[in-house]
$ cat data01.txt   # compact mmCIF, C-alpha atoms (C1' of nucleotides)
# COMPACT_ATOMS: atom_id res chain seq x y z
CA MET A 1 -12.96 14.26 -10.34
CA ASP A 2 -14.24 10.74 -9.69
CA ALA A 3 -11.87 9.43 -12.33
CA ALA A 4 -9.00 11.38 -10.77
CA GLU A 5 -9.80 9.86 -7.38
CA ARG A 6 -9.81 6.39 -8.84
CA LEU A 7 -6.42 7.02 -10.44
CA LEU A 8 -4.99 8.43 -7.22
CA ILE A 9 -6.07 5.24 -5.48
CA THR A 10 -4.84 2.83 -8.11
CA GLU A 11 -1.77 4.56 -9.52
CA GLY A 12 -0.84 7.53 -7.36
CA HIS A 13 -0.56 11.22 -8.09
CA ALA A 14 2.67 10.86 -10.06
CA ALA A 15 0.90 8.86 -12.76
CA ILE A 16 -1.92 11.31 -13.34
CA SER A 17 -2.13 13.27 -16.59
CA THR A 18 -4.91 14.99 -18.48
CA ARG A 19 -5.10 12.20 -21.01
CA ARG A 20 -4.97 9.50 -18.35
CA VAL A 21 -7.82 11.08 -16.38
CA ALA A 22 -9.89 11.61 -19.52
CA GLU A 23 -9.37 8.01 -20.58
CA GLU A 24 -10.42 6.80 -17.13
CA ALA A 25 -13.53 8.98 -17.34
CA GLY A 26 -14.25 7.95 -20.92
CA LEU A 27 -14.05 11.55 -22.06
CA ASN A 28 -11.93 13.76 -24.24
CA HIS A 29 -8.75 15.04 -22.67
CA GLY A 30 -9.47 18.61 -23.70
CA LEU A 31 -12.30 18.68 -21.18
CA VAL A 32 -9.85 18.84 -18.31
CA HIS A 33 -8.79 22.24 -19.57
CA TYR A 34 -12.37 23.24 -20.40
CA TYR A 35 -13.71 22.48 -16.93
CA PHE A 36 -10.71 22.95 -14.66
CA GLY A 37 -8.33 25.20 -16.55
CA SER A 38 -5.40 23.01 -15.67
CA MET A 39 -4.39 19.62 -14.35
CA ASP A 40 -3.25 21.24 -11.10
CA GLU A 41 -6.62 22.87 -10.54
CA LEU A 42 -8.33 19.50 -10.97
CA LEU A 43 -6.20 18.02 -8.20
CA VAL A 44 -6.81 21.05 -6.01
CA GLN A 45 -10.54 20.56 -6.40
CA VAL A 46 -10.27 16.86 -5.68
CA LEU A 47 -8.56 17.72 -2.41
CA GLU A 48 -11.19 20.38 -1.77
CA ARG A 49 -14.03 17.92 -2.26
CA PHE A 50 -12.30 15.29 -0.17
CA THR A 51 -11.93 17.79 2.66
CA GLN A 52 -15.61 18.67 2.62
CA ARG A 53 -16.70 15.06 2.62
CA LEU A 54 -14.40 14.16 5.48
CA ILE A 55 -15.56 17.06 7.58
CA GLU A 56 -19.17 16.10 6.97
CA ARG A 57 -18.51 12.53 8.02
CA GLN A 58 -16.77 13.65 11.16
CA ARG A 59 -19.55 16.03 12.10
CA GLU A 60 -21.91 13.07 11.88
CA MET A 61 -19.76 10.85 14.06
CA TYR A 62 -19.35 13.69 16.53
CA GLY A 63 -23.09 14.25 16.75
CA LEU A 64 -23.88 10.80 18.07
CA GLU A 65 -24.58 10.61 21.79
CA VAL A 66 -23.19 7.18 22.59
CA PRO A 67 -20.74 5.83 25.20
CA PHE A 68 -17.12 6.60 24.43
CA ILE A 69 -16.14 3.02 23.80
CA GLU A 70 -18.68 2.85 21.00
CA LYS A 71 -17.19 5.90 19.35
CA TRP A 72 -13.77 4.37 19.68
CA ARG A 73 -14.84 1.09 18.15
CA ALA A 74 -16.60 2.91 15.33
CA ALA A 75 -13.43 4.86 14.63
CA MET A 76 -11.34 1.70 14.65
CA SER A 77 -13.75 -0.03 12.32
CA TYR A 78 -13.40 2.91 9.93
CA LEU A 79 -9.72 2.05 9.93
CA GLU A 80 -10.43 -1.22 8.19
CA ALA A 81 -13.30 -0.10 5.98
CA ASP A 82 -11.32 2.89 4.72
CA GLU A 83 -8.40 0.68 3.89
CA ALA A 84 -10.55 -1.60 1.79
CA SER A 85 -12.28 1.24 -0.03
CA GLY A 86 -9.09 3.02 -0.99
CA TYR A 87 -10.16 6.06 1.03
CA GLN A 88 -6.90 6.06 2.97
CA LYS A 89 -4.82 5.69 -0.16
CA LEU A 90 -6.64 8.66 -1.64
CA TRP A 91 -6.07 10.74 1.47
CA PHE A 92 -2.40 9.88 1.71
CA GLU A 93 -1.79 10.48 -1.98
CA LEU A 94 -3.30 13.93 -1.53
CA GLN A 95 -1.07 14.50 1.47
CA ALA A 96 2.02 13.34 -0.42
CA LEU A 97 1.03 15.72 -3.19
CA SER A 98 0.82 18.57 -0.72
CA TRP A 99 4.34 17.94 0.57
CA ASN A 100 5.60 19.54 -2.63
CA ARG A 101 2.83 22.08 -3.19
CA PRO A 102 2.82 24.72 -0.48
CA GLU A 103 -0.56 26.03 -1.69
CA LEU A 104 -2.14 22.70 -0.70
CA GLN A 105 -0.58 22.42 2.73
CA ALA A 106 -3.01 24.78 4.40
CA ARG A 107 -5.90 22.62 3.24
CA VAL A 108 -4.31 19.42 4.52
CA ALA A 109 -3.64 21.17 7.80
CA ARG A 110 -7.29 22.16 7.95
CA VAL A 111 -8.42 18.55 7.53
CA ASN A 112 -6.05 17.64 10.33
CA ALA A 113 -7.44 20.41 12.52
CA GLU A 114 -11.05 19.35 11.92
CA TRP A 115 -10.20 15.79 12.74
CA ARG A 116 -8.35 16.93 15.83
CA ALA A 117 -11.37 18.90 16.98
CA VAL A 118 -13.57 15.83 16.78
CA VAL A 119 -11.05 13.68 18.65
CA THR A 120 -10.60 16.39 21.26
CA ASP A 121 -14.33 16.55 21.95
CA ALA A 122 -14.63 12.80 22.19
CA PHE A 123 -11.71 12.48 24.57
CA THR A 124 -12.69 15.45 26.70
CA GLY A 125 -15.93 13.58 27.33
CA ALA A 126 -14.16 10.27 27.88
CA VAL A 127 -11.68 11.70 30.37
CA GLN A 128 -14.57 13.10 32.40
CA SER A 129 -16.80 10.05 32.33
CA TYR A 130 -13.90 7.74 33.13
CA GLY A 131 -12.59 10.10 35.77
CA LEU A 132 -9.04 10.01 34.41
CA ASP A 133 -6.25 12.13 35.87
CA THR A 134 -5.38 14.78 33.30
CA ASN A 135 -2.46 16.26 35.21
CA ALA A 136 0.05 13.74 33.99
CA PHE A 137 -1.53 13.33 30.57
CA PRO A 138 -3.58 16.36 29.53
CA VAL A 139 -6.21 16.03 26.80
CA PRO A 140 -4.12 17.71 24.07
CA ALA A 141 -1.40 15.12 24.66
CA ILE A 142 -3.89 12.24 24.49
CA VAL A 143 -5.42 13.67 21.33
CA SER A 144 -2.03 14.04 19.71
CA LEU A 145 -1.17 10.47 20.63
CA VAL A 146 -4.42 9.13 19.19
CA MET A 147 -4.17 11.19 16.01
CA THR A 148 -0.57 10.27 15.33
CA PHE A 149 -0.86 6.58 16.15
CA ASN A 150 -3.89 6.41 13.90
CA GLN A 151 -2.03 7.99 10.99
CA GLY A 152 0.93 5.77 11.65
CA LEU A 153 -1.31 2.72 11.47
CA ILE A 154 -2.69 3.88 8.14
CA LEU A 155 0.79 4.51 6.81
CA GLU A 156 1.95 1.05 7.86
CA GLY A 157 -1.16 -0.37 6.24
CA LEU A 158 -0.26 1.26 2.91
CA SER A 159 3.13 -0.45 3.08
CA GLY A 160 1.54 -3.77 3.92
CA VAL A 161 2.87 -3.80 7.49
CA ARG A 162 0.45 -5.52 9.88
CA GLU A 163 2.80 -6.48 12.71
CA GLY A 164 1.67 -5.54 16.19
CA ARG A 165 -1.47 -3.90 14.91
CA ASP A 166 -3.95 -6.28 16.50
CA ASP A 167 -1.86 -6.48 19.69
CA LEU A 168 -2.18 -2.74 20.02
CA LEU A 169 -5.85 -2.40 19.12
CA ASN A 170 -6.79 -5.29 21.43
CA ALA A 171 -4.78 -3.86 24.31
CA ILE A 172 -6.46 -0.48 23.97
CA ASP A 173 -9.88 -2.08 23.76
CA ARG A 174 -9.25 -4.16 26.89
CA TRP A 175 -8.07 -1.06 28.69
CA LEU A 176 -11.17 0.91 27.72
CA VAL A 177 -13.39 -1.97 28.84
CA SER A 178 -11.61 -2.02 32.19
CA LEU A 179 -12.28 1.71 32.54
CA GLU A 180 -15.98 1.17 31.96
CA GLY A 181 -16.04 -0.48 35.40
CA GLY A 182 -15.83 2.87 37.16
CA PRO A 183 -13.54 5.83 37.96
CA ALA A 184 -9.82 5.05 38.20
CA MET B 185 22.18 9.17 -6.13
CA ASP B 186 23.04 12.15 -3.94
CA ALA B 187 21.41 14.42 -6.49
CA ALA B 188 18.34 12.19 -6.60
CA GLU B 189 18.08 12.35 -2.81
CA ARG B 190 18.30 16.12 -2.88
CA LEU B 191 15.54 16.27 -5.47
CA LEU B 192 13.35 13.87 -3.49
CA ILE B 193 13.74 16.17 -0.51
CA THR B 194 13.15 19.42 -2.35
CA GLU B 195 10.68 18.47 -5.08
CA GLY B 196 9.37 14.96 -4.46
CA HIS B 197 9.52 11.80 -6.52
CA ALA B 198 6.93 13.00 -9.04
CA ALA B 199 9.25 15.75 -10.24
CA ILE B 200 12.25 13.51 -10.86
CA SER B 201 13.46 12.83 -14.39
CA THR B 202 16.76 11.76 -15.91
CA ARG B 203 17.46 15.27 -17.10
CA ARG B 204 16.47 16.86 -13.80
CA VAL B 205 18.74 14.53 -11.83
CA ALA B 206 21.62 15.07 -14.24
CA GLU B 207 21.22 18.83 -14.03
CA GLU B 208 21.21 18.67 -10.22
CA ALA B 209 24.36 16.56 -10.31
CA GLY B 210 25.98 18.79 -12.94
CA LEU B 211 26.33 15.83 -15.30
CA ASN B 212 25.04 14.71 -18.66
CA HIS B 213 21.61 13.10 -18.60
CA GLY B 214 22.78 10.10 -20.60
CA LEU B 215 24.80 8.97 -17.59
CA VAL B 216 21.65 7.91 -15.76
CA HIS B 217 21.14 5.27 -18.39
CA TYR B 218 24.84 4.41 -18.51
CA TYR B 219 25.18 3.80 -14.78
CA PHE B 220 21.68 2.72 -13.73
CA GLY B 221 20.02 1.41 -16.89
CA SER B 222 16.85 3.30 -16.13
CA MET B 223 15.35 6.02 -14.02
CA ASP B 224 13.45 3.42 -12.00
CA GLU B 225 16.60 1.53 -11.15
CA LEU B 226 18.19 4.72 -9.86
CA LEU B 227 15.31 5.23 -7.44
CA VAL B 228 15.45 1.59 -6.39
CA GLN B 229 19.11 1.99 -5.54
CA VAL B 230 18.44 5.21 -3.66
CA LEU B 231 15.95 3.32 -1.52
CA GLU B 232 18.45 0.48 -1.15
CA ARG B 233 21.16 2.81 0.08
CA PHE B 234 18.77 4.60 2.38
CA THR B 235 17.77 1.28 3.92
CA GLN B 236 21.37 0.28 4.60
CA ARG B 237 22.21 3.62 6.18
CA LEU B 238 19.15 3.55 8.41
CA ILE B 239 19.88 0.03 9.59
CA GLU B 240 23.43 0.98 10.38
CA ARG B 241 22.32 3.96 12.41
CA GLN B 242 19.84 1.89 14.34
CA ARG B 243 22.41 -0.79 15.11
CA GLU B 244 24.57 1.93 16.61
CA MET B 245 21.78 3.32 18.75
CA TYR B 246 20.87 -0.17 19.84
CA GLY B 247 24.44 -0.96 20.88
CA LEU B 248 24.64 1.76 23.53
CA GLU B 249 24.23 0.58 27.11
CA VAL B 250 22.48 3.57 28.64
CA PRO B 251 19.35 4.06 30.77
CA PHE B 252 16.14 3.79 28.80
CA ILE B 253 15.18 7.42 29.21
CA GLU B 254 18.38 8.44 27.49
CA LYS B 255 17.59 6.23 24.52
CA TRP B 256 14.13 7.73 24.40
CA ARG B 257 15.40 11.27 24.49
CA ALA B 258 17.97 10.47 21.81
CA ALA B 259 15.23 9.05 19.60
CA MET B 260 13.06 12.12 20.16
CA SER B 261 15.92 14.44 19.35
CA TYR B 262 16.40 12.55 16.09
CA LEU B 263 12.82 13.53 15.36
CA GLU B 264 13.81 17.18 15.16
CA ALA B 265 17.22 16.75 13.60
CA ASP B 266 15.83 14.50 10.86
CA GLU B 267 13.14 17.00 10.09
CA ALA B 268 15.66 19.78 9.62
CA SER B 269 17.97 17.66 7.47
CA GLY B 270 15.26 16.50 5.11
CA TYR B 271 15.89 12.90 6.14
CA GLN B 272 12.22 12.37 6.96
CA LYS B 273 11.08 13.93 3.72
CA LEU B 274 13.39 11.60 1.84
CA TRP B 275 12.11 8.59 3.75
CA PHE B 276 8.46 9.49 3.23
CA GLU B 277 8.93 10.26 -0.45
CA LEU B 278 10.43 6.81 -0.86
CA GLN B 279 7.50 5.32 1.01
CA ALA B 280 5.00 7.23 -1.13
CA LEU B 281 6.85 5.95 -4.17
CA SER B 282 6.51 2.39 -2.91
CA TRP B 283 2.74 2.71 -2.52
CA ASN B 284 2.50 2.42 -6.29
CA ARG B 285 5.44 0.10 -6.93
CA PRO B 286 4.85 -3.32 -5.43
CA GLU B 287 8.47 -4.29 -6.02
CA LEU B 288 9.58 -1.62 -3.52
CA GLN B 289 7.10 -2.49 -0.79
CA ALA B 290 9.10 -5.41 0.55
CA ARG B 291 12.07 -3.14 1.08
CA VAL B 292 10.03 -0.52 2.89
CA ALA B 293 8.56 -3.26 5.04
CA ARG B 294 12.09 -4.42 5.84
CA VAL B 295 13.10 -0.97 7.05
CA ASN B 296 10.00 -0.99 9.22
CA ALA B 297 10.87 -4.42 10.59
CA GLU B 298 14.44 -3.40 11.43
CA TRP B 299 13.20 -0.32 13.17
CA ARG B 300 10.63 -2.39 15.03
CA ALA B 301 13.33 -4.79 16.21
CA VAL B 302 15.34 -1.95 17.73
CA VAL B 303 12.29 -0.48 19.45
CA THR B 304 11.27 -3.91 20.70
CA ASP B 305 14.67 -4.50 22.28
CA ALA B 306 14.69 -1.09 23.92
CA PHE B 307 11.21 -1.49 25.34
CA THR B 308 11.71 -5.05 26.49
CA GLY B 309 14.55 -3.69 28.61
CA ALA B 310 12.52 -0.71 29.76
CA VAL B 311 9.53 -2.79 30.81
CA GLN B 312 11.81 -4.97 32.93
CA SER B 313 13.80 -2.21 34.57
CA TYR B 314 10.68 -0.16 35.29
CA GLY B 315 8.80 -3.22 36.43
CA LEU B 316 5.78 -2.48 34.28
CA ASP B 317 2.80 -4.83 34.06
CA THR B 318 2.83 -6.36 30.59
CA ASN B 319 -0.42 -8.27 30.96
CA ALA B 320 -2.62 -5.36 30.05
CA PHE B 321 -0.17 -3.85 27.58
CA PRO B 322 2.24 -6.43 26.15
CA VAL B 323 5.48 -5.31 24.58
CA PRO B 324 4.34 -5.80 20.94
CA ALA B 325 1.43 -3.44 21.63
CA ILE B 326 3.71 -0.83 23.18
CA VAL B 327 6.13 -1.14 20.29
CA SER B 328 3.35 -0.72 17.76
CA LEU B 329 2.08 2.33 19.59
CA VAL B 330 5.53 3.91 19.70
CA MET B 331 6.27 3.13 16.05
CA THR B 332 2.97 4.42 14.75
CA PHE B 333 2.83 7.55 16.88
CA ASN B 334 6.35 8.34 15.76
CA GLN B 335 5.46 8.00 12.10
CA GLY B 336 2.31 9.99 12.64
CA LEU B 337 4.35 12.80 14.17
CA ILE B 338 6.66 12.81 11.18
CA LEU B 339 3.72 12.87 8.81
CA GLU B 340 2.15 15.79 10.63
CA GLY B 341 5.48 17.53 10.55
CA LEU B 342 5.64 17.22 6.76
CA SER B 343 2.26 18.94 6.56
CA GLY B 344 3.37 21.66 8.91
CA VAL B 345 1.12 20.51 11.74
CA ARG B 346 2.68 21.15 15.15
CA GLU B 347 -0.38 21.18 17.39
CA GLY B 348 -0.23 18.99 20.47
CA ARG B 349 3.22 17.76 19.61
CA ASP B 350 5.03 19.31 22.56
CA ASP B 351 2.16 18.47 24.90
CA LEU B 352 2.55 14.84 23.97
CA LEU B 353 6.33 14.67 24.07
CA ASN B 354 6.44 16.49 27.39
CA ALA B 355 3.79 14.25 28.91
CA ILE B 356 5.68 11.13 27.89
CA ASP B 357 8.93 12.53 29.22
CA ARG B 358 7.36 13.40 32.57
CA TRP B 359 5.87 9.94 32.76
CA LEU B 360 9.22 8.29 32.08
CA VAL B 361 10.90 10.47 34.70
CA SER B 362 8.25 9.41 37.22
CA LEU B 363 8.98 5.77 36.41
CA GLU B 364 12.66 6.29 37.13
CA GLY B 365 11.67 6.61 40.80
CA GLY B 366 11.16 2.88 41.11
CA PRO B 367 8.89 -0.04 40.13
CA ALA B 368 5.22 0.84 39.59
C1' DT C 369 54.56 7.53 -24.76
C1' DT C 370 50.86 5.02 -25.88
C1' DG C 371 46.98 1.67 -26.16
C1' DG C 372 42.63 0.59 -24.49
C1' DG C 373 38.99 0.56 -21.38
C1' DA C 374 36.15 3.64 -18.68
C1' DT C 375 33.79 7.91 -18.76
C1' DT C 376 31.36 11.63 -20.75
C1' DT C 377 29.20 14.23 -24.34
C1' DA C 378 25.91 15.62 -27.78
C1' DG C 379 22.32 14.31 -29.96
C1' DT C 380 18.45 11.09 -32.03
C1' DC C 381 14.03 8.84 -31.59
C1' DA C 382 9.46 7.77 -30.37
C1' DT C 383 6.33 8.89 -27.17
C1' DA C 384 3.87 11.61 -23.60
C1' DT C 385 2.37 15.81 -21.69
C1' DG C 386 -0.14 20.45 -20.66
C1' DT C 387 -2.32 23.94 -22.86
C1' DC C 388 -5.12 25.79 -26.07
C1' DT C 389 -8.24 26.44 -30.33
C1' DA C 390 -11.31 25.86 -34.10
C1' DA C 391 -15.02 23.22 -35.38
C1' DT C 392 -18.86 20.50 -34.39
C1' DA C 393 -22.74 18.43 -31.71
C1' DC C 394 -26.27 19.12 -28.67
C1' DA C 395 -30.19 20.66 -25.84
C1' DA C 396 -33.57 24.14 -24.48
C1' DG C 397 -36.28 27.77 -25.21
C1' DT C 398 -38.68 30.74 -28.43
C1' DA D 399 -37.49 25.90 -37.58
C1' DC D 400 -34.13 28.83 -35.40
C1' DT D 401 -31.17 30.79 -32.18
C1' DT D 402 -28.13 30.65 -28.40
C1' DG D 403 -25.09 29.02 -25.20
C1' DT D 404 -23.14 24.82 -23.44
C1' DA D 405 -20.75 20.43 -24.20
C1' DT D 406 -17.65 17.80 -26.77
C1' DT D 407 -14.41 16.52 -30.25
C1' DA D 408 -10.21 16.31 -32.90
C1' DG D 409 -6.18 18.02 -33.28
C1' DA D 410 -2.16 21.51 -33.16
C1' DC D 411 1.80 23.20 -30.67
C1' DA D 412 5.79 23.50 -27.92
C1' DT D 413 8.01 21.18 -24.62
C1' DA D 414 9.53 17.22 -21.72
C1' DT D 415 10.65 12.60 -21.13
C1' DG D 416 13.06 7.77 -21.08
C1' DA D 417 15.87 5.12 -23.71
C1' DC D 418 19.59 4.64 -26.47
C1' DT D 419 23.94 5.42 -29.54
C1' DA D 420 28.02 6.99 -31.86
C1' DA D 421 31.66 9.72 -31.14
C1' DA D 422 34.82 12.14 -28.30
C1' DT D 423 37.51 12.49 -24.19
C1' DC D 424 39.84 11.03 -20.20
C1' DC D 425 42.96 8.40 -17.46
C1' DC D 426 45.94 4.90 -16.13
C1' DA D 427 48.92 0.96 -16.64
C1' DA D 428 52.26 -1.02 -19.55

$ encode --input "data01.txt" --output "structure tokens"
Amino acid sequence: MDAAERLLITEGHAAISTRRVAEEAGLNHGLVHYYFGSMDELLVQVLERFTQRLIERQREMYGLEVPFIEKWRAAMSYLEADEASGYQKLWFELQALSWNRPELQARVARVNAEWRAVVTDAFTGAVQSYGLDTNAFPVPAIVSLVMTFNQGLILEGLSGVREGRDDLLNAIDRWLVSLEGGPA
Amino acid sequence: MDAAERLLITEGHAAISTRRVAEEAGLNHGLVHYYFGSMDELLVQVLERFTQRLIERQREMYGLEVPFIEKWRAAMSYLEADEASGYQKLWFELQALSWNRPELQARVARVNAEWRAVVTDAFTGAVQSYGLDTNAFPVPAIVSLVMTFNQGLILEGLSGVREGRDDLLNAIDRWLVSLEGGPA
DNA sequence: TTGGGATTTAGTCATATGTCTAATACAAGT
DNA sequence: ACTTGTATTAGACATATGACTAAATCCCAA
């Protein structure tokens, strides 16, 4: 599974085969069948394991009792660290895989839902402590905006697009700092 | 190329082969080599053609001299129409393909840049006519936010995630309507 | 009507792939 | 030392694939 993850990161799901994975792992290709039954099942379990890890990480982040702006900055710093580590590539390759495998979609949706739950909690707290007006922009709308813009940033990153990225992140950070002043 | 696009939409780039494309097109598989030289070149040309079409469409949208909110609503209605037509699936499959083919990345980046140019023009106009304060949130930041959130929405759509989508789109629409009242 | 280039076909070739099996190596406990 | 179940290997098998070719067919302009 580690070898499969490495290959997903470096070559993508289209390039994965039993023999390729075995070579990467330094093992015999028959073992894929012995341990997983099929190539597909290996990929399913990679997604499964990824899901569990991500959920764990998010539970941790959620548990911290720190000011909202710290959570935000932590999340934004993940954005860079995860790009460097290949974590995002792995996640997006698994998503791309699921586009054509209905049986995997539910699991991808679950990761999304877990993530959404964390973001929702964080922003529910932020909206209260900042005293923001949620009539015009209710929390679910904010959460959706944050989730989607985040995924869009990752996607652009995978294509090497950096334009406007810092402008946006800086603007948001400035705005959050200005909110720290008091209710608005 | 039409057949290849259909297969990208229905089965993804990993499932494409000369014989599969030929079967879909009702032609002999040798023709892929005859006309394109290789399977890779076919996909490159599909991306090429997609790029040209998208640029054309955006030039059209950009040409219209209508109030900003109309442009916005047109763009948002594309979001649904393109989902139904498979256009987004095609575009994202091509992007996923480019993640592992450096020679395609420049072209994907170009599509992104063209799109960004259109959005930038539209929002430069909007910011002026609405009299928005661009100190806190400069146009490049707004553009980046709009681009990324849009792509994130598409991505979620491909995974069947709908949560928060309407909340967000409605909130934005309401906000734009409120801006129509006058400078704020 | 016909000549010749463009198109299309059927098929070859080497290689790659997923699945599966028989045989062997190994480690742990008795 | 011996047994037993797990781990690992080498390899078989049918099928799929990309690349390529020789031959057939088509179509149009002369």

$ residues_around --input "data01.txt" --residues "segment 380-397 of chain C" --least-positions-apart "3" --cutoff "8 Å" --atoms "all atoms listed in the file" --output "number ranges by chain"
A: 17-18, 33, 38-39; D: 405-407, 414-415

$ write_last_selection --input "data01.txt" --atoms "C-alpha atoms (C1' of nucleotides)" --output "PDB file, in the frame of the given file"
ATOM      1  CA  SER A  17      -2.130  13.270 -16.590  1.00  0.00           C
ATOM      2  CA  THR A  18      -4.910  14.990 -18.480  1.00  0.00           C
ATOM      3  CA  HIS A  33      -8.790  22.240 -19.570  1.00  0.00           C
ATOM      4  CA  SER A  38      -5.400  23.010 -15.670  1.00  0.00           C
ATOM      5  CA  MET A  39      -4.390  19.620 -14.350  1.00  0.00           C
TER       6      MET A  39
ATOM      7  C1'  DA D 405     -20.750  20.430 -24.200  1.00  0.00           C
ATOM      8  C1'  DT D 406     -17.650  17.800 -26.770  1.00  0.00           C
ATOM      9  C1'  DT D 407     -14.410  16.520 -30.250  1.00  0.00           C
ATOM     10  C1'  DA D 414       9.530  17.220 -21.720  1.00  0.00           C
ATOM     11  C1'  DT D 415      10.650  12.600 -21.130  1.00  0.00           C
TER      12       DT D 415
END

$ residues_around --input "data01.txt" --residues "segment 233-243 of chain B" --least-positions-apart "3" --cutoff "9 Å" --atoms "all atoms listed in the file" --output "list in words"
Met185, Val228, Gln229, Val230, Tyr246, Gly247, Leu274, Trp275, Arg291, Val292, Arg294, Val295, Glu298, Trp299 and Val302 of chain B

$ atom_distance --input "data01.txt" --atom1 "atom C1' of DA378 of chain C" --atom2 "atom C1' of DC426 of chain D"
25.5 Å

$ residues_around --input "data01.txt" --residues "Met331 of chain B" --least-positions-apart "5" --cutoff "9 Å" --atoms "all atoms listed in the file" --output "list in words"
Phe149, Gly152 and Leu153 of chain A; Asn296, Trp299, Arg300, Val303, Ile326 and Gly336 of chain B

$ write_last_selection --input "data01.txt" --atoms "C-alpha atoms" --output "PDB file, keeping the file's coordinate frame"
ATOM      1  CA  PHE A 149      -0.860   6.580  16.150  1.00  0.00           C
ATOM      2  CA  GLY A 152       0.930   5.770  11.650  1.00  0.00           C
ATOM      3  CA  LEU A 153      -1.310   2.720  11.470  1.00  0.00           C
TER       4      LEU A 153
ATOM      5  CA  ASN B 296      10.000  -0.990   9.220  1.00  0.00           C
ATOM      6  CA  TRP B 299      13.200  -0.320  13.170  1.00  0.00           C
ATOM      7  CA  ARG B 300      10.630  -2.390  15.030  1.00  0.00           C
ATOM      8  CA  VAL B 303      12.290  -0.480  19.450  1.00  0.00           C
ATOM      9  CA  ILE B 326       3.710  -0.830  23.180  1.00  0.00           C
ATOM     10  CA  GLY B 336       2.310   9.990  12.640  1.00  0.00           C
TER      11      GLY B 336
END

$ atom_distance --input "data01.txt" --atom1 "atom CA of Glu70 of chain A" --atom2 "atom CA of Leu169 of chain A"
14.0 Å

$ closest_residue --input "data01.txt" --among "B:Ser362, B:Gln312, B:Asn334, B:Asn319" --to "Tyr262 of chain B" --atoms "only C-alpha atoms"
B:Asn334

$ closest_atom_pairs --input "data01.txt" --of "chain D" --to "chain B" --cutoff "9 Å" --atoms "all atoms listed in the file" --output "Markdown table"
| residue | atom | partner | partner_atom | distance |
| --- | --- | --- | --- | --- |
| D:DT415 | C1' | B:Ser201 | CA | 7.3 |
| D:DG416 | C1' | B:Thr202 | CA | 7.5 |
| D:DA417 | C1' | B:His217 | CA | 7.5 |
| D:DC418 | C1' | B:His217 | CA | 8.3 |

$ closest_residue --input "data01.txt" --among "B:Ala258, B:Glu244, B:Ala188, B:Gln272" --to "Glu340 of chain B" --atoms "all atoms listed in the file"
B:Gln272

$ interface_residues --input "data01.txt" --of "chain C" --to "chain B" --cutoff "12 Å" --atoms "all atoms listed in the file" --output "CSV table (one decimal) with C-alpha atoms (C1' of nucleotides), in the coordinates of the input"
chain,number,residue,atom,x,y,z
C,374,DA,C1',36.2,3.6,-18.7
C,375,DT,C1',33.8,7.9,-18.8
C,376,DT,C1',31.4,11.6,-20.8
C,377,DT,C1',29.2,14.2,-24.3
C,378,DA,C1',25.9,15.6,-27.8
C,379,DG,C1',22.3,14.3,-30.0

$ residues_near_point --input "data01.txt" --point "(6.8, -7.5, 30.4)" --cutoff "12 Å" --atoms "all atoms listed in the file" --output "ChimeraX atom specification"
/B:304-305,307-327

$ axis_aligned_box --input "data01.txt" --around "segment 355-364 of chain B" --padding-each-side "6 Å" --output "lines of an AutoDock Vina configuration file"
center_x = 8.2
center_y = 10.0
center_z = 32.6
size_x = 20.9
size_y = 20.5
size_z = 21.3

$ atom_distance --input "data01.txt" --atom1 "atom CA of Arg73 of chain A" --atom2 "atom CA of Gly86 of chain A"
20.1 Å
